[in-house]
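Listing of query29.cif, mmCIF, C-alpha atoms
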```cif
data_input
#
loop_
_atom_site.label_atom_id
_atom_site.label_comp_id
_atom_site.auth_asym_id
_atom_site.auth_seq_id
_atom_site.Cartn_x
_atom_site.Cartn_y
_atom_site.Cartn_z
CA MET F 1 -156.68 -17.91 -69.92
CA PRO F 2 -153.25 -18.56 -71.49
CA GLN F 3 -152.87 -17.54 -75.10
CA GLN F 4 -154.08 -20.22 -77.46
CA ILE F 5 -152.79 -21.33 -80.83
CA ALA F 6 -154.97 -21.95 -83.90
CA VAL F 7 -154.14 -23.42 -87.29
CA VAL F 8 -156.51 -22.17 -90.00
CA THR F 9 -156.46 -23.84 -93.41
CA GLY F 10 -157.79 -22.12 -96.50
CA ALA F 11 -156.89 -18.88 -94.72
CA GLY F 12 -156.09 -16.84 -97.82
CA SER F 13 -159.68 -15.84 -98.58
CA GLY F 14 -163.35 -16.26 -97.78
CA VAL F 15 -164.45 -18.06 -94.64
CA GLY F 16 -160.88 -18.96 -93.63
CA ARG F 17 -159.76 -15.34 -93.77
CA ALA F 18 -162.80 -14.11 -91.86
CA VAL F 19 -162.31 -16.71 -89.12
CA ALA F 20 -158.60 -15.94 -88.82
CA VAL F 21 -159.30 -12.22 -88.38
CA GLU F 22 -162.02 -12.92 -85.80
CA LEU F 23 -159.74 -15.22 -83.81
CA ALA F 24 -156.92 -12.66 -83.90
CA ALA F 25 -159.26 -10.03 -82.51
CA ALA F 26 -160.22 -12.48 -79.75
CA GLY F 27 -156.62 -13.01 -78.69
CA TRP F 28 -155.54 -16.16 -80.53
CA ARG F 29 -152.12 -16.75 -82.04
CA LEU F 30 -152.41 -18.07 -85.56
CA VAL F 31 -150.77 -20.24 -88.17
CA LEU F 32 -152.30 -19.47 -91.56
CA ALA F 33 -152.22 -22.20 -94.19
CA GLY F 34 -153.17 -22.12 -97.86
CA ARG F 35 -151.71 -22.81 -101.27
CA ARG F 36 -150.61 -19.26 -102.12
CA GLU F 37 -148.33 -17.15 -99.95
CA ALA F 38 -149.44 -13.69 -101.11
CA PRO F 39 -153.10 -14.01 -100.00
CA LEU F 40 -151.95 -15.53 -96.71
CA ARG F 41 -149.79 -12.49 -96.08
CA GLU F 42 -152.76 -10.24 -96.80
CA THR F 43 -154.75 -12.20 -94.22
CA ALA F 44 -151.85 -11.90 -91.78
CA GLY F 45 -151.94 -8.12 -92.15
CA LEU F 46 -155.66 -8.07 -91.44
CA CYS F 47 -155.10 -10.26 -88.39
CA ALA F 48 -152.39 -7.93 -87.12
CA ALA F 49 -154.73 -4.98 -87.49
CA ALA F 50 -157.50 -6.86 -85.69
CA ALA F 51 -155.11 -7.72 -82.84
CA ALA F 52 -153.96 -4.13 -82.64
CA GLY F 53 -157.55 -3.00 -82.43
CA THR F 54 -157.99 -4.97 -79.21
CA GLY F 55 -154.77 -3.88 -77.54
CA GLY F 56 -152.06 -5.73 -79.44
CA ASP F 57 -149.50 -4.14 -81.76
CA GLY F 58 -149.63 -6.65 -84.60
CA THR F 59 -146.05 -7.81 -84.14
CA ASP F 60 -144.52 -11.03 -82.84
CA ASP F 61 -143.61 -10.31 -79.24
CA GLY F 62 -142.49 -13.81 -78.30
CA GLY F 63 -145.64 -14.50 -76.32
CA THR F 64 -145.35 -11.76 -73.75
CA GLY F 65 -148.56 -9.83 -74.38
CA GLY F 66 -150.89 -8.05 -76.77
CA ALA F 67 -154.01 -9.39 -78.38
CA ALA F 68 -153.04 -12.78 -79.83
CA GLY F 69 -149.52 -11.88 -78.75
CA GLY F 70 -149.47 -10.09 -82.10
CA ALA F 71 -148.14 -13.36 -83.54
CA VAL F 72 -149.28 -14.69 -86.91
CA ALA F 73 -147.26 -17.25 -88.84
CA VAL F 74 -147.77 -17.79 -92.58
CA ALA F 75 -147.29 -21.36 -93.83
CA PRO F 76 -148.02 -22.00 -97.54
CA THR F 77 -149.30 -25.58 -97.61
CA ASP F 78 -150.85 -28.05 -100.04
CA VAL F 79 -153.18 -29.90 -97.68
CA THR F 80 -153.42 -32.84 -100.10
CA ASP F 81 -149.71 -33.55 -99.52
CA PRO F 82 -149.12 -35.59 -96.33
CA ALA F 83 -145.54 -34.36 -95.93
CA ALA F 84 -146.61 -30.72 -96.35
CA VAL F 85 -149.35 -31.11 -93.73
CA ASP F 86 -146.93 -32.72 -91.27
CA ALA F 87 -144.53 -29.82 -91.89
CA LEU F 88 -147.35 -27.33 -91.23
CA PHE F 89 -148.05 -28.73 -87.78
CA ALA F 90 -144.36 -29.10 -87.02
CA THR F 91 -144.01 -25.40 -87.78
CA ALA F 92 -146.89 -24.57 -85.46
CA ALA F 93 -145.42 -26.62 -82.63
CA GLU F 94 -141.92 -25.26 -83.11
CA ARG F 95 -143.03 -21.66 -83.27
CA PHE F 96 -145.72 -21.62 -80.60
CA GLY F 97 -145.20 -24.80 -78.60
CA ARG F 98 -148.63 -26.35 -79.10
CA VAL F 99 -151.85 -26.38 -81.16
CA ASP F 100 -155.17 -25.71 -79.41
CA LEU F 101 -157.43 -25.40 -82.46
CA LEU F 102 -157.60 -26.57 -86.04
CA PHE F 103 -160.17 -24.85 -88.23
CA ASN F 104 -160.24 -27.47 -90.98
CA ASN F 105 -161.52 -25.25 -93.75
CA ALA F 106 -159.69 -25.78 -97.06
CA GLY F 107 -162.00 -26.94 -99.83
CA THR F 108 -163.37 -26.47 -103.33
CA PHE F 109 -166.75 -26.71 -105.05
CA GLY F 110 -165.52 -28.09 -108.33
CA ALA F 111 -167.28 -27.16 -111.56
CA PRO F 112 -171.03 -27.99 -111.76
CA THR F 113 -171.13 -31.08 -113.98
CA PRO F 114 -173.76 -33.71 -114.80
CA VAL F 115 -172.80 -36.96 -113.09
CA ASP F 116 -172.51 -38.87 -116.37
CA GLU F 117 -170.06 -36.28 -117.70
CA LEU F 118 -167.87 -35.93 -114.60
CA ASP F 119 -164.28 -36.89 -115.34
CA VAL F 120 -162.64 -39.17 -112.78
CA ALA F 121 -159.73 -36.75 -112.49
CA GLU F 122 -162.13 -33.94 -111.52
CA TRP F 123 -163.83 -36.22 -108.98
CA ARG F 124 -160.49 -37.12 -107.44
CA ALA F 125 -159.37 -33.49 -107.27
CA VAL F 126 -162.42 -32.56 -105.18
CA VAL F 127 -162.11 -35.67 -102.99
CA ASP F 128 -158.38 -35.11 -102.48
CA LEU F 129 -158.87 -31.55 -101.24
CA ASN F 130 -162.20 -31.69 -99.41
CA LEU F 131 -161.91 -35.11 -97.78
CA THR F 132 -158.36 -36.43 -97.87
CA GLY F 133 -156.96 -32.96 -97.11
CA ALA F 134 -159.36 -32.60 -94.18
CA PHE F 135 -158.31 -36.03 -92.89
CA LEU F 136 -154.60 -35.27 -93.21
CA CYS F 137 -154.96 -32.01 -91.28
CA ALA F 138 -157.15 -33.63 -88.63
CA ARG F 139 -154.68 -36.49 -88.25
CA ALA F 140 -151.74 -34.14 -87.77
CA ALA F 141 -153.69 -31.96 -85.34
CA PHE F 142 -154.87 -35.00 -83.38
CA ARG F 143 -151.30 -36.29 -83.14
CA GLN F 144 -150.06 -32.94 -81.82
CA MET F 145 -152.96 -32.46 -79.39
CA LYS F 146 -152.56 -35.97 -78.01
CA ALA F 147 -148.83 -35.54 -77.41
CA GLN F 148 -148.70 -32.02 -75.98
CA ASP F 149 -148.82 -31.01 -72.32
CA PRO F 150 -151.41 -30.07 -71.25
CA GLN F 151 -153.08 -32.57 -73.50
CA GLY F 152 -156.02 -31.79 -75.75
CA GLY F 153 -157.46 -29.33 -78.20
CA ARG F 154 -160.33 -28.76 -80.60
CA ILE F 155 -160.92 -29.48 -84.27
CA ILE F 156 -163.69 -27.62 -86.11
CA ASN F 157 -164.45 -29.00 -89.56
CA ASN F 158 -166.07 -26.82 -92.21
CA GLY F 159 -168.94 -28.90 -93.51
CA SER F 160 -171.66 -27.28 -95.61
CA ILE F 161 -175.39 -27.20 -96.18
CA SER F 162 -174.33 -29.80 -98.76
CA ALA F 163 -173.53 -32.12 -95.86
CA HIS F 164 -177.34 -32.36 -95.58
CA VAL F 165 -178.79 -31.74 -99.06
CA PRO F 166 -177.21 -31.50 -102.54
CA ARG F 167 -177.30 -28.88 -105.19
CA PRO F 168 -177.83 -30.00 -108.78
CA GLN F 169 -174.73 -31.30 -110.56
CA SER F 170 -172.56 -31.32 -107.43
CA ILE F 171 -172.01 -35.00 -106.75
CA ALA F 172 -168.30 -34.75 -105.85
CA TYR F 173 -168.71 -31.79 -103.50
CA THR F 174 -171.84 -33.25 -101.89
CA ALA F 175 -170.25 -36.67 -101.37
CA THR F 176 -167.19 -35.14 -99.71
CA LYS F 177 -169.23 -32.94 -97.39
CA HIS F 178 -171.37 -35.89 -96.29
CA ALA F 179 -168.09 -37.72 -95.63
CA VAL F 180 -166.76 -34.81 -93.57
CA THR F 181 -169.69 -35.40 -91.20
CA GLY F 182 -168.44 -38.96 -90.68
CA LEU F 183 -164.95 -37.61 -90.11
CA THR F 184 -166.31 -35.24 -87.47
CA LYS F 185 -168.18 -37.98 -85.63
CA SER F 186 -165.21 -40.35 -85.64
CA LEU F 187 -162.84 -37.65 -84.41
CA SER F 188 -165.26 -36.78 -81.62
CA LEU F 189 -165.35 -40.39 -80.47
CA ASP F 190 -161.66 -41.16 -80.85
CA GLY F 191 -160.65 -37.88 -79.21
CA ARG F 192 -162.53 -38.43 -75.96
CA PRO F 193 -159.67 -40.12 -74.06
CA TYR F 194 -157.28 -37.28 -74.95
CA ARG F 195 -159.45 -34.19 -74.33
CA ILE F 196 -159.74 -33.60 -78.07
CA ALA F 197 -163.13 -32.16 -79.02
CA CYS F 198 -164.41 -32.05 -82.59
CA GLY F 199 -167.34 -30.13 -84.02
CA GLN F 200 -168.60 -29.09 -87.43
CA ILE F 201 -170.02 -25.88 -88.84
CA ASP F 202 -172.35 -26.24 -91.82
CA ILE F 203 -172.51 -22.97 -93.73
CA GLY F 204 -175.14 -21.83 -96.20
CA ASN F 205 -174.59 -18.90 -98.57
CA ALA F 206 -171.98 -16.85 -96.75
CA ALA F 207 -171.00 -13.98 -99.03
CA THR F 208 -167.48 -14.72 -100.30
CA ASP F 209 -165.72 -14.89 -103.65
CA MET F 210 -166.64 -18.59 -103.84
CA THR F 211 -170.36 -17.77 -103.57
CA ALA F 212 -170.39 -14.74 -105.87
CA ALA F 213 -172.61 -16.65 -108.30
CA MET F 214 -175.44 -16.49 -105.77
CA SER F 215 -176.02 -12.83 -106.61
CA VAL F 216 -176.21 -13.64 -110.34
CA GLY F 217 -178.28 -16.79 -110.19
CA VAL F 218 -177.68 -20.48 -109.49
CA ARG F 219 -179.44 -23.60 -110.69
CA GLN F 220 -182.26 -24.91 -108.50
CA ALA F 221 -183.62 -28.45 -108.15
CA ASP F 222 -186.44 -27.71 -110.60
CA GLY F 223 -184.01 -26.44 -113.25
CA ARG F 224 -184.67 -22.72 -112.76
CA VAL F 225 -181.76 -20.33 -112.30
CA THR F 226 -182.49 -17.86 -109.51
CA VAL F 227 -180.68 -15.39 -107.27
CA GLU F 228 -180.25 -16.62 -103.70
CA PRO F 229 -179.91 -14.58 -100.50
CA THR F 230 -176.52 -14.47 -98.81
CA MET F 231 -175.30 -13.50 -95.34
CA ASP F 232 -172.25 -11.70 -94.01
CA VAL F 233 -169.28 -14.06 -93.66
CA ALA F 234 -168.48 -12.27 -90.38
CA ASP F 235 -171.48 -14.03 -88.85
CA VAL F 236 -169.85 -17.37 -89.66
CA ALA F 237 -166.59 -16.18 -88.12
CA ARG F 238 -168.30 -15.17 -84.90
CA THR F 239 -169.90 -18.60 -84.65
CA VAL F 240 -166.54 -20.34 -85.09
CA ARG F 241 -165.04 -18.06 -82.45
CA HIS F 242 -167.78 -19.10 -80.02
CA MET F 243 -167.23 -22.80 -80.75
CA ALA F 244 -163.47 -22.37 -80.37
CA GLY F 245 -163.75 -20.48 -77.10
CA LEU F 246 -165.67 -23.14 -75.19
CA PRO F 247 -163.83 -25.15 -72.52
CA LEU F 248 -162.89 -28.63 -73.71
CA GLU F 249 -165.55 -30.05 -71.41
CA ALA F 250 -168.17 -28.53 -73.76
CA ASN F 251 -168.60 -28.95 -77.50
CA VAL F 252 -170.85 -27.67 -80.26
CA GLN F 253 -171.12 -30.92 -82.19
CA PHE F 254 -172.91 -29.46 -85.23
CA ALA F 255 -173.88 -25.88 -86.00
CA THR F 256 -175.76 -24.69 -89.08
CA VAL F 257 -175.32 -21.02 -89.99
CA MET F 258 -177.16 -19.94 -93.12
CA ALA F 259 -178.78 -17.07 -94.90
CA THR F 260 -182.26 -17.03 -93.39
CA ALA F 261 -184.17 -17.03 -96.66
CA MET F 262 -181.97 -19.35 -98.73
CA PRO F 263 -183.75 -22.32 -100.37
CA TYR F 264 -183.01 -25.01 -97.80
CA ILE F 265 -185.86 -25.31 -95.30
CA GLY F 266 -189.14 -26.49 -96.85
CA ARG F 267 -189.46 -25.90 -100.58
CA GLY F 268 -187.37 -22.76 -100.83
#
```

Could you express the structure from this file as structure tokens?
Amino acid sequence: MPQQIAVVTGAGSGVGRAVAVELAAAGWRLVLAGRREAPLRETAGLCAAAAAGTGGDGTDDGGTGGAAGGAVAVAPTDVTDPAAVDALFATAAERFGRVDLLFNNAGTFGAPTPVDELDVAEWRAVVDLNLTGAFLCARAAFRQMKAQDPQGGRIINNGSISAHVPRPQSIAYTATKHAVTGLTKSLSLDGRPYRIACGQIDIGNAATDMTAAMSVGVRQADGRVTVEPTMDVADVARTVRHMAGLPLEANVQFATVMATAMPYIGRG
């Protein structure tokens, strides 16, 4: 299989970093996007080491060999800025010639806030990043995948358990993640004529910096604050790698990967 090119947003930490490292180990070339350059460069170093561990040398060899060709590009990007997103995908196309995968991952929880106290500016900040940012990246990826030869590619959106059920005081985050499901379905339908597949991974309690509060205690539906189980973020990354590695004739439309004992199924 020819080497494939992935754009990973929110790649500076957490799920995005874990997925980038897993893809590098599997032989993908990568464009890492996020707001801050320094964490992206840390991720790039981890990707290089992962590539080297499977036979690559962690350096850009112009596409002539090595795991992932050893090639990782760092592209600091504000995904809420349409011009910045267009520049991100232009960089990917110019550097690597095409885009085969977008892991549409950038997002934020926002601060837990009662709905009647939520400031409109805070609402808009979450919507801008989680929904509008996801749309802008998907639009740019779709445009590139439709135009390239051979045509096609795959978009994997990072949904959430909150695409199914809310947590208390999370109306902005929950609304955006439900909307991401609609984005996924529309992309799946509109991408059919162009060999563009779209799926979604809904993650529950992967252990990252963003979910550190789980080990301290988080508010439950009945008002209690309790510790919740977490799972290794590497298990999420392996699932994304599987979804990404399928031929375009096959698609995982929705996958839920969660800590087995988290309060989601039944009454918790």

* **Residues returned when the PyMOL selection byres ((chain F and resi 244) around 8) runs on this file, as a PyMOL selection string** => chain F and resi 101+154+156+240-243+245-246

* Asked: Which of these, F:Ala38, F:Ala20, F:Leu136, F:Ile171, has the shortest distance to Phe109 of chain F once you count all atoms listed in the file?
  ->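 Residue with the minimum atom-to-atom distance to Phe109 of chain F: F:Ile171.
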
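Nearest to Ser162 of chain F of all the residues F:Gly110, F:Gly191, F:Gly204, F:Gly133 is F:Gly204, counting all atoms listed in the file.
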
* Which is closer to Val165 of chain F than all the others in F:Ala141, F:Ala207, F:Val85, F:Ile265, using all atoms listed in the file? ->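 Of F:Ala141, F:Ala207, F:Val85, F:Ile265, the one nearest Val165 of chain F is F:Ile265, counting all atoms listed in the file.
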
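When the PyMOL selection byres ((chain F and resi 230) around 10) is run on the displayed coordinates, the residues it returns are Gly204, Asn205, Ala206, Ala207, Thr208, Thr211, Ala212, Met214, Ser215, Val227, Glu228, Pro229, Met231, Asp232, Val233, Met258, Ala259, Thr260, Ala261 and Met262 of chain F.
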
From the block I gave, I'd like segment 144-168 of chain F written with N, CA, C and O atoms, as a PDB file, in the first residue's frame.
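Here's the written file part.pdb:
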```pdb
ATOM      1  N   GLN F 144     -10.106  18.807  -0.692  1.00  0.00           N
ATOM      2  CA  GLN F 144      -8.853  18.213  -1.150  1.00  0.00           C
ATOM      3  C   GLN F 144      -9.068  16.777  -1.641  1.00  0.00           C
ATOM      4  O   GLN F 144      -8.563  16.379  -2.691  1.00  0.00           O
ATOM      5  N   MET F 145      -9.819  15.987  -0.886  1.00  0.00           N
ATOM      6  CA  MET F 145     -10.041  14.589  -1.246  1.00  0.00           C
ATOM      7  C   MET F 145     -10.818  14.455  -2.551  1.00  0.00           C
ATOM      8  O   MET F 145     -10.586  13.531  -3.339  1.00  0.00           O
ATOM      9  N   LYS F 146     -11.750  15.357  -2.782  1.00  0.00           N
ATOM     10  CA  LYS F 146     -12.536  15.345  -4.009  1.00  0.00           C
ATOM     11  C   LYS F 146     -11.683  15.690  -5.226  1.00  0.00           C
ATOM     12  O   LYS F 146     -11.871  15.121  -6.313  1.00  0.00           O
ATOM     13  N   ALA F 147     -10.717  16.585  -5.041  1.00  0.00           N
ATOM     14  CA  ALA F 147      -9.927  17.084  -6.171  1.00  0.00           C
ATOM     15  C   ALA F 147      -8.723  16.220  -6.498  1.00  0.00           C
ATOM     16  O   ALA F 147      -8.234  16.244  -7.641  1.00  0.00           O
ATOM     17  N   GLN F 148      -8.217  15.461  -5.549  1.00  0.00           N
ATOM     18  CA  GLN F 148      -6.947  14.769  -5.763  1.00  0.00           C
ATOM     19  C   GLN F 148      -7.110  13.520  -6.635  1.00  0.00           C
ATOM     20  O   GLN F 148      -8.223  13.025  -6.848  1.00  0.00           O
ATOM     21  N   ASP F 149      -5.999  13.020  -7.108  1.00  0.00           N
ATOM     22  CA  ASP F 149      -5.978  11.831  -7.960  1.00  0.00           C
ATOM     23  C   ASP F 149      -4.935  10.858  -7.425  1.00  0.00           C
ATOM     24  O   ASP F 149      -3.754  11.207  -7.380  1.00  0.00           O
ATOM     25  N   PRO F 150      -5.329   9.638  -7.002  1.00  0.00           N
ATOM     26  CA  PRO F 150      -6.697   9.120  -7.022  1.00  0.00           C
ATOM     27  C   PRO F 150      -7.597   9.812  -6.010  1.00  0.00           C
ATOM     28  O   PRO F 150      -7.150  10.214  -4.939  1.00  0.00           O
ATOM     29  N   GLN F 151      -8.853   9.897  -6.390  1.00  0.00           N
ATOM     30  CA  GLN F 151      -9.839  10.617  -5.597  1.00  0.00           C
ATOM     31  C   GLN F 151     -10.206   9.844  -4.335  1.00  0.00           C
ATOM     32  O   GLN F 151     -10.163   8.622  -4.293  1.00  0.00           O
ATOM     33  N   GLY F 152     -10.547  10.597  -3.278  1.00  0.00           N
ATOM     34  CA  GLY F 152     -11.100   9.979  -2.087  1.00  0.00           C
ATOM     35  C   GLY F 152     -10.256  10.129  -0.850  1.00  0.00           C
ATOM     36  O   GLY F 152      -9.130  10.656  -0.887  1.00  0.00           O
ATOM     37  N   GLY F 153     -10.796   9.658   0.253  1.00  0.00           N
ATOM     38  CA  GLY F 153     -10.128   9.725   1.541  1.00  0.00           C
ATOM     39  C   GLY F 153     -11.124   9.438   2.650  1.00  0.00           C
ATOM     40  O   GLY F 153     -12.267   9.041   2.388  1.00  0.00           O
ATOM     41  N   ARG F 154     -10.686   9.634   3.882  1.00  0.00           N
ATOM     42  CA  ARG F 154     -11.527   9.313   5.030  1.00  0.00           C
ATOM     43  C   ARG F 154     -11.450  10.433   6.067  1.00  0.00           C
ATOM     44  O   ARG F 154     -10.371  10.966   6.340  1.00  0.00           O
ATOM     45  N   ILE F 155     -12.591  10.755   6.636  1.00  0.00           N
ATOM     46  CA  ILE F 155     -12.692  11.706   7.740  1.00  0.00           C
ATOM     47  C   ILE F 155     -13.207  10.937   8.953  1.00  0.00           C
ATOM     48  O   ILE F 155     -14.216  10.227   8.866  1.00  0.00           O
ATOM     49  N   ILE F 156     -12.494  11.051  10.070  1.00  0.00           N
ATOM     50  CA  ILE F 156     -12.955  10.461  11.329  1.00  0.00           C
ATOM     51  C   ILE F 156     -13.168  11.601  12.318  1.00  0.00           C
ATOM     52  O   ILE F 156     -12.215  12.296  12.691  1.00  0.00           O
ATOM     53  N   ASN F 157     -14.408  11.810  12.705  1.00  0.00           N
ATOM     54  CA  ASN F 157     -14.732  12.858  13.665  1.00  0.00           C
ATOM     55  C   ASN F 157     -14.672  12.308  15.082  1.00  0.00           C
ATOM     56  O   ASN F 157     -15.133  11.189  15.349  1.00  0.00           O
ATOM     57  N   ASN F 158     -14.110  13.090  15.982  1.00  0.00           N
ATOM     58  CA  ASN F 158     -14.106  12.743  17.402  1.00  0.00           C
ATOM     59  C   ASN F 158     -15.411  13.252  18.006  1.00  0.00           C
ATOM     60  O   ASN F 158     -15.613  14.447  18.189  1.00  0.00           O
ATOM     61  N   GLY F 159     -16.320  12.320  18.260  1.00  0.00           N
ATOM     62  CA  GLY F 159     -17.559  12.679  18.935  1.00  0.00           C
ATOM     63  C   GLY F 159     -17.338  12.635  20.438  1.00  0.00           C
ATOM     64  O   GLY F 159     -16.436  13.248  20.975  1.00  0.00           O
ATOM     65  N   SER F 160     -18.151  11.869  21.140  1.00  0.00           N
ATOM     66  CA  SER F 160     -18.008  11.738  22.588  1.00  0.00           C
ATOM     67  C   SER F 160     -19.165  10.897  23.081  1.00  0.00           C
ATOM     68  O   SER F 160     -20.204  10.774  22.408  1.00  0.00           O
ATOM     69  N   ILE F 161     -19.018  10.321  24.272  1.00  0.00           N
ATOM     70  CA  ILE F 161     -20.200   9.769  24.946  1.00  0.00           C
ATOM     71  C   ILE F 161     -21.277  10.851  25.041  1.00  0.00           C
ATOM     72  O   ILE F 161     -22.481  10.565  25.007  1.00  0.00           O
ATOM     73  N   SER F 162     -20.856  12.108  25.103  1.00  0.00           N
ATOM     74  CA  SER F 162     -21.812  13.220  25.181  1.00  0.00           C
ATOM     75  C   SER F 162     -22.550  13.451  23.870  1.00  0.00           C
ATOM     76  O   SER F 162     -23.463  14.282  23.825  1.00  0.00           O
ATOM     77  N   ALA F 163     -22.184  12.731  22.809  1.00  0.00           N
ATOM     78  CA  ALA F 163     -23.018  12.717  21.611  1.00  0.00           C
ATOM     79  C   ALA F 163     -24.264  11.866  21.812  1.00  0.00           C
ATOM     80  O   ALA F 163     -25.158  11.859  20.969  1.00  0.00           O
ATOM     81  N   HIS F 164     -24.313  11.133  22.930  1.00  0.00           N
ATOM     82  CA  HIS F 164     -25.454  10.272  23.251  1.00  0.00           C
ATOM     83  C   HIS F 164     -26.182  10.762  24.499  1.00  0.00           C
ATOM     84  O   HIS F 164     -27.411  10.849  24.503  1.00  0.00           O
ATOM     85  N   VAL F 165     -25.426  11.026  25.570  1.00  0.00           N
ATOM     86  CA  VAL F 165     -26.033  11.442  26.836  1.00  0.00           C
ATOM     87  C   VAL F 165     -25.204  12.579  27.444  1.00  0.00           C
ATOM     88  O   VAL F 165     -23.987  12.601  27.330  1.00  0.00           O
ATOM     89  N   PRO F 166     -25.856  13.525  28.132  1.00  0.00           N
ATOM     90  CA  PRO F 166     -25.124  14.658  28.703  1.00  0.00           C
ATOM     91  C   PRO F 166     -24.570  14.368  30.084  1.00  0.00           C
ATOM     92  O   PRO F 166     -25.016  13.448  30.773  1.00  0.00           O
ATOM     93  N   ARG F 167     -23.610  15.170  30.460  1.00  0.00           N
ATOM     94  CA  ARG F 167     -23.232  15.311  31.861  1.00  0.00           C
ATOM     95  C   ARG F 167     -23.930  16.551  32.407  1.00  0.00           C
ATOM     96  O   ARG F 167     -24.325  17.443  31.642  1.00  0.00           O
ATOM     97  N   PRO F 168     -24.071  16.636  33.734  1.00  0.00           N
ATOM     98  CA  PRO F 168     -24.673  17.845  34.298  1.00  0.00           C
ATOM     99  C   PRO F 168     -23.865  19.093  33.927  1.00  0.00           C
ATOM    100  O   PRO F 168     -22.639  19.061  33.846  1.00  0.00           O
TER     101      PRO F 168
END
```
